[in-house]
>>> print(open('upload_16.txt').read())   # compact mmCIF, C-alpha atoms and all ligand atoms
# COMPACT_ATOMS: atom_id res chain seq x y z
CA MET B 1 123.53 -40.69 218.72
CA ARG B 2 121.91 -43.96 219.79
CA VAL B 3 118.47 -45.27 218.87
CA ILE B 4 116.89 -48.07 220.90
CA LEU B 5 114.50 -50.07 218.71
CA PRO B 6 112.22 -52.68 220.27
CA MET B 7 111.09 -55.81 218.52
CA PRO B 8 107.46 -56.69 219.35
CA GLY B 9 107.02 -57.46 223.05
CA ASN B 10 110.21 -55.65 224.07
CA GLU B 11 108.78 -52.12 224.17
CA GLY B 12 108.93 -51.70 227.95
CA MET B 13 112.57 -52.73 228.14
CA ALA B 14 113.51 -50.51 225.19
CA THR B 15 111.79 -47.51 226.75
CA ALA B 16 113.55 -48.11 230.08
CA LEU B 17 116.92 -48.50 228.35
CA ALA B 18 116.38 -45.33 226.32
CA GLU B 19 115.61 -43.40 229.52
CA ILE B 20 118.60 -44.77 231.42
CA LEU B 21 120.99 -44.21 228.49
CA ASP B 22 119.47 -40.86 227.52
CA ALA B 23 119.04 -42.33 224.04
CA GLU B 24 116.26 -42.00 221.49
CA ARG B 25 113.49 -44.61 221.69
CA GLY B 26 112.86 -45.58 218.09
CA ILE B 27 109.82 -47.12 216.46
CA LEU B 28 109.76 -50.33 214.50
CA GLU B 29 106.55 -51.22 212.72
CA TRP B 30 105.84 -54.88 212.43
CA ARG B 31 103.04 -57.17 211.37
CA ARG B 32 102.42 -60.52 209.75
CA PHE B 33 100.90 -60.95 206.31
CA PRO B 34 97.98 -63.40 206.08
CA ASP B 35 100.40 -66.16 205.06
CA SER B 36 102.48 -65.37 208.20
CA GLU B 37 105.39 -63.77 206.39
CA ALA B 38 106.79 -60.80 208.33
CA TYR B 39 106.54 -57.10 207.45
CA VAL B 40 109.12 -54.83 209.06
CA ARG B 41 109.60 -51.08 208.75
CA ILE B 42 112.00 -48.76 210.59
CA ALA B 43 109.73 -45.82 211.34
CA SER B 44 112.42 -43.62 212.95
CA ASP B 45 115.33 -41.70 211.49
CA VAL B 46 118.41 -43.87 212.03
CA GLN B 47 120.68 -42.20 209.46
CA GLY B 48 124.23 -42.04 210.85
CA LYS B 49 123.10 -43.39 214.25
CA ARG B 50 124.02 -46.43 216.31
CA VAL B 51 120.95 -48.66 216.41
CA TYR B 52 120.34 -51.06 219.31
CA ILE B 53 117.61 -53.59 218.54
CA VAL B 54 116.09 -55.00 221.74
CA CYS B 55 114.79 -58.54 221.49
CA THR B 56 114.94 -61.14 224.20
CA LEU B 57 115.15 -64.44 222.35
CA ALA B 58 112.76 -66.67 224.26
CA ASN B 59 111.01 -67.71 221.05
CA PRO B 60 113.92 -67.61 218.61
CA ASP B 61 112.63 -69.42 215.54
CA PRO B 62 109.78 -67.02 214.65
CA GLN B 63 111.82 -64.06 215.94
CA MET B 64 114.96 -64.64 213.95
CA LEU B 65 113.87 -63.80 210.40
CA THR B 66 112.14 -60.65 211.59
CA LEU B 67 115.28 -59.64 213.44
CA ILE B 68 117.40 -60.17 210.33
CA PHE B 69 114.98 -58.01 208.31
CA ALA B 70 114.98 -55.29 210.97
CA ALA B 71 118.79 -55.17 211.09
CA ALA B 72 118.99 -55.10 207.30
CA ALA B 73 116.38 -52.33 207.09
CA ALA B 74 118.28 -50.27 209.68
CA ARG B 75 121.46 -50.57 207.60
CA GLU B 76 119.56 -49.67 204.42
CA CYS B 77 118.25 -46.59 206.25
CA GLY B 78 121.84 -45.51 206.89
CA ALA B 79 122.47 -46.68 210.46
CA GLU B 80 126.12 -46.28 211.44
CA SER B 81 126.04 -49.67 213.16
CA VAL B 82 123.41 -52.17 214.31
CA HIS B 83 123.64 -53.98 217.66
CA LEU B 84 121.51 -56.60 219.39
CA VAL B 85 120.38 -56.37 223.01
CA ALA B 86 119.08 -59.86 223.85
CA PRO B 87 118.82 -60.43 227.61
CA TYR B 88 118.04 -64.08 226.97
CA LEU B 89 120.34 -65.67 224.43
CA ALA B 90 118.68 -68.70 222.91
CA TYR B 91 120.17 -71.96 221.69
CA MET B 92 123.06 -72.01 224.13
CA ARG B 93 122.20 -75.39 225.64
CA GLN B 94 122.87 -77.45 222.52
CA ASP B 95 126.59 -76.74 222.83
CA MET B 96 127.86 -80.06 221.53
CA SER B 97 126.80 -82.97 219.38
CA PHE B 98 125.45 -85.52 221.85
CA LYS B 99 124.54 -87.96 219.06
CA SER B 100 126.21 -88.18 215.69
CA GLY B 101 124.61 -85.89 213.15
CA GLU B 102 123.19 -83.40 215.66
CA ALA B 103 123.55 -79.72 214.80
CA VAL B 104 125.51 -77.80 217.43
CA SER B 105 122.91 -75.04 217.48
CA ALA B 106 124.87 -72.74 219.80
CA THR B 107 127.61 -72.39 217.19
CA HIS B 108 125.29 -71.95 214.21
CA PHE B 109 123.04 -69.48 216.01
CA ALA B 110 126.08 -67.45 217.10
CA ARG B 111 127.34 -67.40 213.53
CA LEU B 112 123.98 -66.15 212.25
CA LEU B 113 123.86 -63.36 214.86
CA SER B 114 127.49 -62.46 214.12
CA GLN B 115 126.61 -62.03 210.44
CA THR B 116 123.64 -59.82 211.28
CA PHE B 117 124.84 -57.52 214.09
CA ASP B 118 127.92 -55.51 215.00
CA SER B 119 127.82 -56.51 218.66
CA LEU B 120 125.71 -58.36 221.21
CA VAL B 121 124.66 -57.46 224.75
CA THR B 122 123.16 -60.27 226.79
CA VAL B 123 122.63 -61.41 230.37
CA ASP B 124 124.05 -64.58 231.95
CA PRO B 125 124.18 -66.76 228.83
CA HIS B 126 124.11 -70.51 229.44
CA LEU B 127 127.82 -71.17 229.19
CA HIS B 128 128.65 -74.75 230.02
CA ARG B 129 130.90 -76.63 227.62
CA ILE B 130 131.53 -73.35 225.77
CA GLY B 131 133.53 -71.29 228.25
CA ASP B 132 133.21 -67.85 226.69
CA LEU B 133 130.98 -66.26 224.04
CA ALA B 134 134.14 -65.23 222.16
CA GLU B 135 134.60 -68.92 221.27
CA ILE B 136 131.51 -68.89 219.07
CA PHE B 137 130.81 -65.20 218.26
CA ALA B 138 132.80 -63.27 215.68
CA ILE B 139 131.54 -59.91 217.03
CA PRO B 140 132.17 -58.17 220.38
CA THR B 141 129.88 -59.40 223.14
CA CYS B 142 129.03 -57.87 226.49
CA VAL B 143 127.59 -59.99 229.29
CA GLY B 144 125.56 -58.57 232.17
CA ALA B 145 125.26 -60.53 235.43
CA ALA B 146 121.87 -60.95 237.09
CA ALA B 147 122.91 -63.40 239.82
CA PRO B 148 124.08 -60.61 242.19
CA LEU B 149 120.63 -58.99 241.95
CA LEU B 150 118.94 -62.28 242.83
CA GLY B 151 121.36 -62.72 245.74
CA VAL B 152 120.61 -59.25 247.09
CA TRP B 153 116.86 -59.88 246.73
CA ILE B 154 117.20 -63.11 248.73
CA ALA B 155 119.23 -61.35 251.44
CA GLN B 156 116.46 -58.78 251.79
CA ASN B 157 113.46 -61.10 251.54
CA VAL B 158 114.28 -64.61 252.78
CA ASP B 159 115.20 -65.47 256.36
CA VAL B 160 118.08 -67.97 256.78
CA PRO B 161 118.11 -69.22 253.18
CA LEU B 162 119.84 -72.24 251.71
CA ILE B 163 120.54 -71.84 247.99
CA ILE B 164 120.04 -75.02 245.99
CA GLY B 165 121.26 -75.36 242.42
CA PRO B 166 119.04 -78.03 240.86
CA ASP B 167 121.75 -79.48 238.61
CA GLN B 168 125.49 -79.51 238.14
CA GLU B 169 125.38 -76.81 235.45
CA SER B 170 123.62 -74.43 237.83
CA GLU B 171 126.54 -74.39 240.27
CA GLN B 172 128.08 -71.27 238.72
CA TRP B 173 124.86 -69.29 239.29
CA ALA B 174 123.98 -70.91 242.63
CA ALA B 175 127.44 -70.06 243.98
CA GLU B 176 127.20 -66.45 242.81
CA VAL B 177 123.65 -66.02 244.15
CA ALA B 178 124.71 -67.57 247.47
CA HIS B 179 127.69 -65.25 247.71
CA TRP B 180 125.50 -62.16 247.32
CA ALA B 181 122.81 -63.59 249.60
CA GLY B 182 125.40 -64.35 252.29
CA ALA B 183 124.05 -67.90 252.41
CA PRO B 184 125.40 -71.44 251.95
CA TYR B 185 124.63 -73.40 248.81
CA VAL B 186 124.39 -77.01 247.69
CA VAL B 187 123.98 -78.49 244.24
CA ALA B 188 121.73 -81.37 243.18
CA SER B 189 122.35 -83.63 240.23
CA LYS B 190 119.95 -83.99 237.34
CA GLN B 191 119.44 -86.36 234.49
CA ARG B 192 117.19 -85.28 231.64
CA ILE B 193 115.25 -88.30 230.53
CA ALA B 194 113.10 -86.49 227.95
CA ASP B 195 112.17 -82.89 227.09
CA GLN B 196 109.45 -82.95 229.73
CA GLN B 197 110.98 -85.40 232.17
CA VAL B 198 113.93 -85.02 234.52
CA ARG B 199 115.32 -87.02 237.40
CA VAL B 200 116.79 -84.89 240.21
CA ASP B 201 118.86 -86.25 243.09
CA LEU B 202 119.07 -83.92 246.05
CA PRO B 203 122.08 -84.10 248.36
CA ASP B 204 121.71 -84.82 252.08
CA LEU B 205 120.21 -81.65 253.56
CA THR B 206 119.94 -82.68 257.21
CA SER B 207 122.75 -80.37 258.30
CA TRP B 208 120.80 -77.44 256.81
CA SER B 209 117.49 -78.07 258.58
CA GLY B 210 115.77 -74.86 259.62
CA ARG B 211 116.93 -73.05 256.50
CA ARG B 212 114.48 -71.95 253.81
CA PRO B 213 115.35 -73.57 250.47
CA VAL B 214 115.81 -71.28 247.49
CA LEU B 215 116.11 -73.09 244.16
CA ALA B 216 118.29 -70.98 241.88
CA ASP B 217 118.87 -71.77 238.21
CA ASP B 218 119.69 -69.81 235.09
CA ILE B 219 116.69 -70.89 232.99
CA ILE B 220 113.17 -72.14 233.58
CA SER B 221 111.98 -73.58 230.28
CA SER B 222 109.47 -76.43 230.61
CA GLY B 223 109.63 -75.89 234.39
CA ARG B 224 110.29 -79.61 234.97
CA THR B 225 113.61 -79.06 236.74
CA MET B 226 112.11 -76.67 239.29
CA ILE B 227 108.95 -78.78 239.69
CA GLU B 228 110.86 -81.99 240.30
CA ALA B 229 113.32 -80.37 242.74
CA SER B 230 110.37 -78.79 244.63
CA ARG B 231 108.56 -82.14 244.73
CA LEU B 232 111.59 -83.87 246.24
CA LEU B 233 111.93 -81.18 248.91
CA ALA B 234 108.27 -81.74 249.83
CA VAL B 235 108.81 -85.52 249.97
CA ARG B 236 111.58 -84.89 252.50
CA GLY B 237 109.30 -82.67 254.55
CA ILE B 238 111.39 -79.56 253.90
CA ALA B 239 109.78 -76.11 253.76
CA LYS B 240 108.32 -74.93 250.44
CA PRO B 241 111.12 -73.44 248.34
CA TYR B 242 111.42 -70.09 246.65
CA CYS B 243 112.16 -70.66 242.95
CA LEU B 244 114.42 -68.06 241.37
CA ALA B 245 115.70 -68.06 237.81
CA ILE B 246 117.49 -65.52 235.68
CA HIS B 247 115.62 -66.30 232.47
CA ALA B 248 111.92 -67.12 232.78
CA VAL B 249 111.45 -68.63 229.33
CA PHE B 250 108.31 -70.60 230.29
CA ALA B 251 107.90 -72.84 227.26
CA PRO B 252 104.34 -73.75 226.22
CA GLY B 253 102.85 -76.00 228.89
CA ALA B 254 105.16 -74.76 231.68
CA PHE B 255 102.31 -73.19 233.67
CA GLU B 256 100.13 -76.28 233.37
CA GLY B 257 103.04 -78.43 234.65
C1 LIG G 301 119.88 -76.59 231.96
O1 LIG G 301 120.97 -76.87 231.63
C2 LIG G 301 119.46 -75.27 232.49
O2 LIG G 301 120.38 -74.76 233.40
C3 LIG G 301 118.11 -75.39 233.15
O3 LIG G 301 118.22 -76.24 234.28
C4 LIG G 301 117.11 -75.98 232.22
O4 LIG G 301 117.11 -75.27 231.02
C5 LIG G 301 115.72 -75.98 232.80
O5 LIG G 301 114.88 -76.57 231.87
P1 LIG G 301 113.42 -77.03 232.24
O6 LIG G 301 112.70 -75.88 232.88
O7 LIG G 301 112.84 -77.42 230.91
O8 LIG G 301 113.53 -78.21 233.15
>>> encode(input="upload_16.txt", output="structure tokens")
Amino acid sequence: MRVILPMPGNEGMATALAEILDAERGILEWRRFPDSEAYVRIASDVQGKRVYIVCTLANPDPQMLTLIFAAAAARECGAESVHLVAPYLAYMRQDMSFKSGEAVSATHFARLLSQTFDSLVTVDPHLHRIGDLAEIFAIPTCVGAAAPLLGVWIAQNVDVPLIIGPDQESEQWAAEVAHWAGAPYVVASKQRIADQQVRVDLPDLTSWSGRRPVLADDIISSGRTMIEASRLLAVRGIAKPYCLAIHAVFAPGAFEG
């Protein structure tokens, strides 16, 4: 028997998953004490059951301790196994030490999750210099692909699209989206100058005139990449783009940008 347990903010997804999987939708009680420490209680019977905790990790630092407590509580309540369903897997972009002394967060975060859960289900993780989750996770991982869904949506909703990946790393998603959209794609190059500042160089798009640009990336965080790529398209007098991303993280300030 499977129990789907949502962390706060993930209730809708957990309910949908429980319905699709014909599983039990469990209840996790959660609150913060006045000093901001977390209180967690498994309010469902999980004895002898496989527990799937649903928590997309768009805000990983405050989420992580609570997740660890929830997984531990599920085990203490007799769960047969405890798994994490995290559509957005955080910390994958710091996948190497760019300056001496930098923590390679992807590796450390993966180790922490591997110590806490029996397996991980995620969607399109940001794999760049790390080629496969198995390189950093010690537990089984399962990766869902959202790019085909975006491609199909584009095919149904955008006339004569041109898919544009806003940076080199986005090529894997742009190519996949383009394949499913039945459209051509190009890739821009990007240099991140600061957290909130990027420089994007678009390729020559004259041979694609008449096509509607669709910017496709895996993550929107500060939004700067999408904003800068859109600005450059406008400067060139190209039609307003659609902006599609797999993970809409929207860091604080993204909407104001
Ligand atoms: C970078 O490697 C990712 O693929 C995204 O392009 C990036 O995370 C977007 O970040 P932001 O929205 O902060 O520009």
>>> residues_near_point(input="upload_16.txt", point="(132.2, -72.0, 228.1)", cutoff="12 Å", atoms="all atoms listed in the file", output="JSON, numbers by chain")
{"B": [92, 93, 95, 96, 106, 107, 124, 125, 126, 127, 128, 129, 130, 131, 132, 133, 134, 135, 136, 169, 172]}
>>> closest_residue(input="upload_16.txt", among="B:Ser207, B:Thr122, B:Thr225, B:Gln94", to="Gln168 of chain B", atoms="all atoms listed in the file")
B:Thr225
>>> atom_distance(input="upload_16.txt", atom1="atom CA of Val152 of chain B", atom2="atom CA of Trp173 of chain B")
13.4 Å
>>> residues_near_point(input="upload_16.txt", point="(110.1, -78.1, 249.2)", cutoff="12 Å", atoms="only C-alpha atoms", output="list in words")
Leu162, Ile164, Leu202, Leu205, Ser209, Arg211, Arg212, Pro213, Val214, Leu215, Met226, Ile227, Glu228, Ala229, Ser230, Arg231, Leu232, Leu233, Ala234, Val235, Arg236, Gly237, Ile238, Ala239, Lys240, Pro241, Tyr242 and Cys243 of chain B
>>> closest_atom_pairs(input="upload_16.txt", of="chain B", to="ligand LIG 301 (chain G)", cutoff="7 Å", atoms="only C-alpha atoms and all ligand atoms", output="tab-separated table")
residue	atom	partner	partner_atom	distance
B:Arg93	CA	G:LIG301	O1	6.3
B:His126	CA	G:LIG301	O2	6.9
B:Pro166	CA	G:LIG301	O3	6.9
B:Asp167	CA	G:LIG301	O3	6.5
B:Glu169	CA	G:LIG301	O2	5.8
B:Ser170	CA	G:LIG301	O2	5.5
B:Asp195	CA	G:LIG301	O7	6.7
B:Gln196	CA	G:LIG301	O7	6.6
B:Val198	CA	G:LIG301	O8	7.0
B:Asp217	CA	G:LIG301	O2	5.9
B:Asp218	CA	G:LIG301	O2	5.3
B:Ile219	CA	G:LIG301	C3	4.7
B:Ile220	CA	G:LIG301	O6	3.8
B:Ser221	CA	G:LIG301	O6	3.5
B:Ser222	CA	G:LIG301	O7	3.5
B:Gly223	CA	G:LIG301	O6	3.4
B:Arg224	CA	G:LIG301	O8	4.0
B:Thr225	CA	G:LIG301	O8	3.7
B:Met226	CA	G:LIG301	O6	6.5
>>> write_last_selection(input="upload_16.txt", atoms="C-alpha atoms", output="mmCIF file, keeping the file's coordinate frame")
data_model
loop_
_atom_site.group_PDB
_atom_site.id
_atom_site.type_symbol
_atom_site.label_atom_id
_atom_site.label_comp_id
_atom_site.auth_asym_id
_atom_site.auth_seq_id
_atom_site.Cartn_x
_atom_site.Cartn_y
_atom_site.Cartn_z
ATOM 1 C CA ARG B 93 122.200 -75.390 225.640
ATOM 2 C CA HIS B 126 124.110 -70.510 229.440
ATOM 3 C CA PRO B 166 119.040 -78.030 240.860
ATOM 4 C CA ASP B 167 121.750 -79.480 238.610
ATOM 5 C CA GLU B 169 125.380 -76.810 235.450
ATOM 6 C CA SER B 170 123.620 -74.430 237.830
ATOM 7 C CA ASP B 195 112.170 -82.890 227.090
ATOM 8 C CA GLN B 196 109.450 -82.950 229.730
ATOM 9 C CA VAL B 198 113.930 -85.020 234.520
ATOM 10 C CA ASP B 217 118.870 -71.770 238.210
ATOM 11 C CA ASP B 218 119.690 -69.810 235.090
ATOM 12 C CA ILE B 219 116.690 -70.890 232.990
ATOM 13 C CA ILE B 220 113.170 -72.140 233.580
ATOM 14 C CA SER B 221 111.980 -73.580 230.280
ATOM 15 C CA SER B 222 109.470 -76.430 230.610
ATOM 16 C CA GLY B 223 109.630 -75.890 234.390
ATOM 17 C CA ARG B 224 110.290 -79.610 234.970
ATOM 18 C CA THR B 225 113.610 -79.060 236.740
ATOM 19 C CA MET B 226 112.110 -76.670 239.290
#
>>> atom_distance(input="upload_16.txt", atom1="atom CA of Thr116 of chain B", atom2="atom CA of Ala58 of chain B")
18.3 Å
>>> closest_atom_pairs(input="upload_16.txt", of="segment 45-84 of chain B", to="segment 11-31 of chain B", cutoff="9 Å", atoms="only C-alpha atoms", output="tab-separated table")
residue	atom	partner	partner_atom	distance
B:Asp45	CA	B:Gly26	CA	8.0
B:Val46	CA	B:Gly26	CA	8.4
B:Val51	CA	B:Gly26	CA	8.8
B:Ile53	CA	B:Ala14	CA	8.4
B:Val54	CA	B:Ala14	CA	6.2
B:Cys55	CA	B:Ala14	CA	8.9
B:Thr66	CA	B:Trp30	CA	8.6
B:Ala70	CA	B:Leu28	CA	8.0
>>> residues_around(input="upload_16.txt", residues="Ala73 of chain B", least_positions_apart="6", cutoff="8 Å", atoms="only C-alpha atoms", output="tab-separated table (two decimals) with C-alpha atoms, keeping the file's coordinate frame")
chain	number	residue	atom	x	y	z
B	40	VAL	CA	109.12	-54.83	209.06
B	41	ARG	CA	109.60	-51.08	208.75
B	42	ILE	CA	112.00	-48.76	210.59
>>> atom_distance(input="upload_16.txt", atom1="atom CA of Ala71 of chain B", atom2="atom CA of Ser105 of chain B")
21.3 Å
>>> closest_residue(input="upload_16.txt", among="B:Tyr91, B:Ser44, B:Tyr185, B:Ile4", to="Trp208 of chain B", atoms="all atoms listed in the file")
B:Tyr185
>>> axis_aligned_box(input="upload_16.txt", around="segment 234-248 of chain B", padding_each_side="3 Å", output="JSON")
{"center_x": 112.9, "center_y": -75.5, "center_z": 243.5, "size_x": 15.2, "size_y": 26.0, "size_z": 28.1}
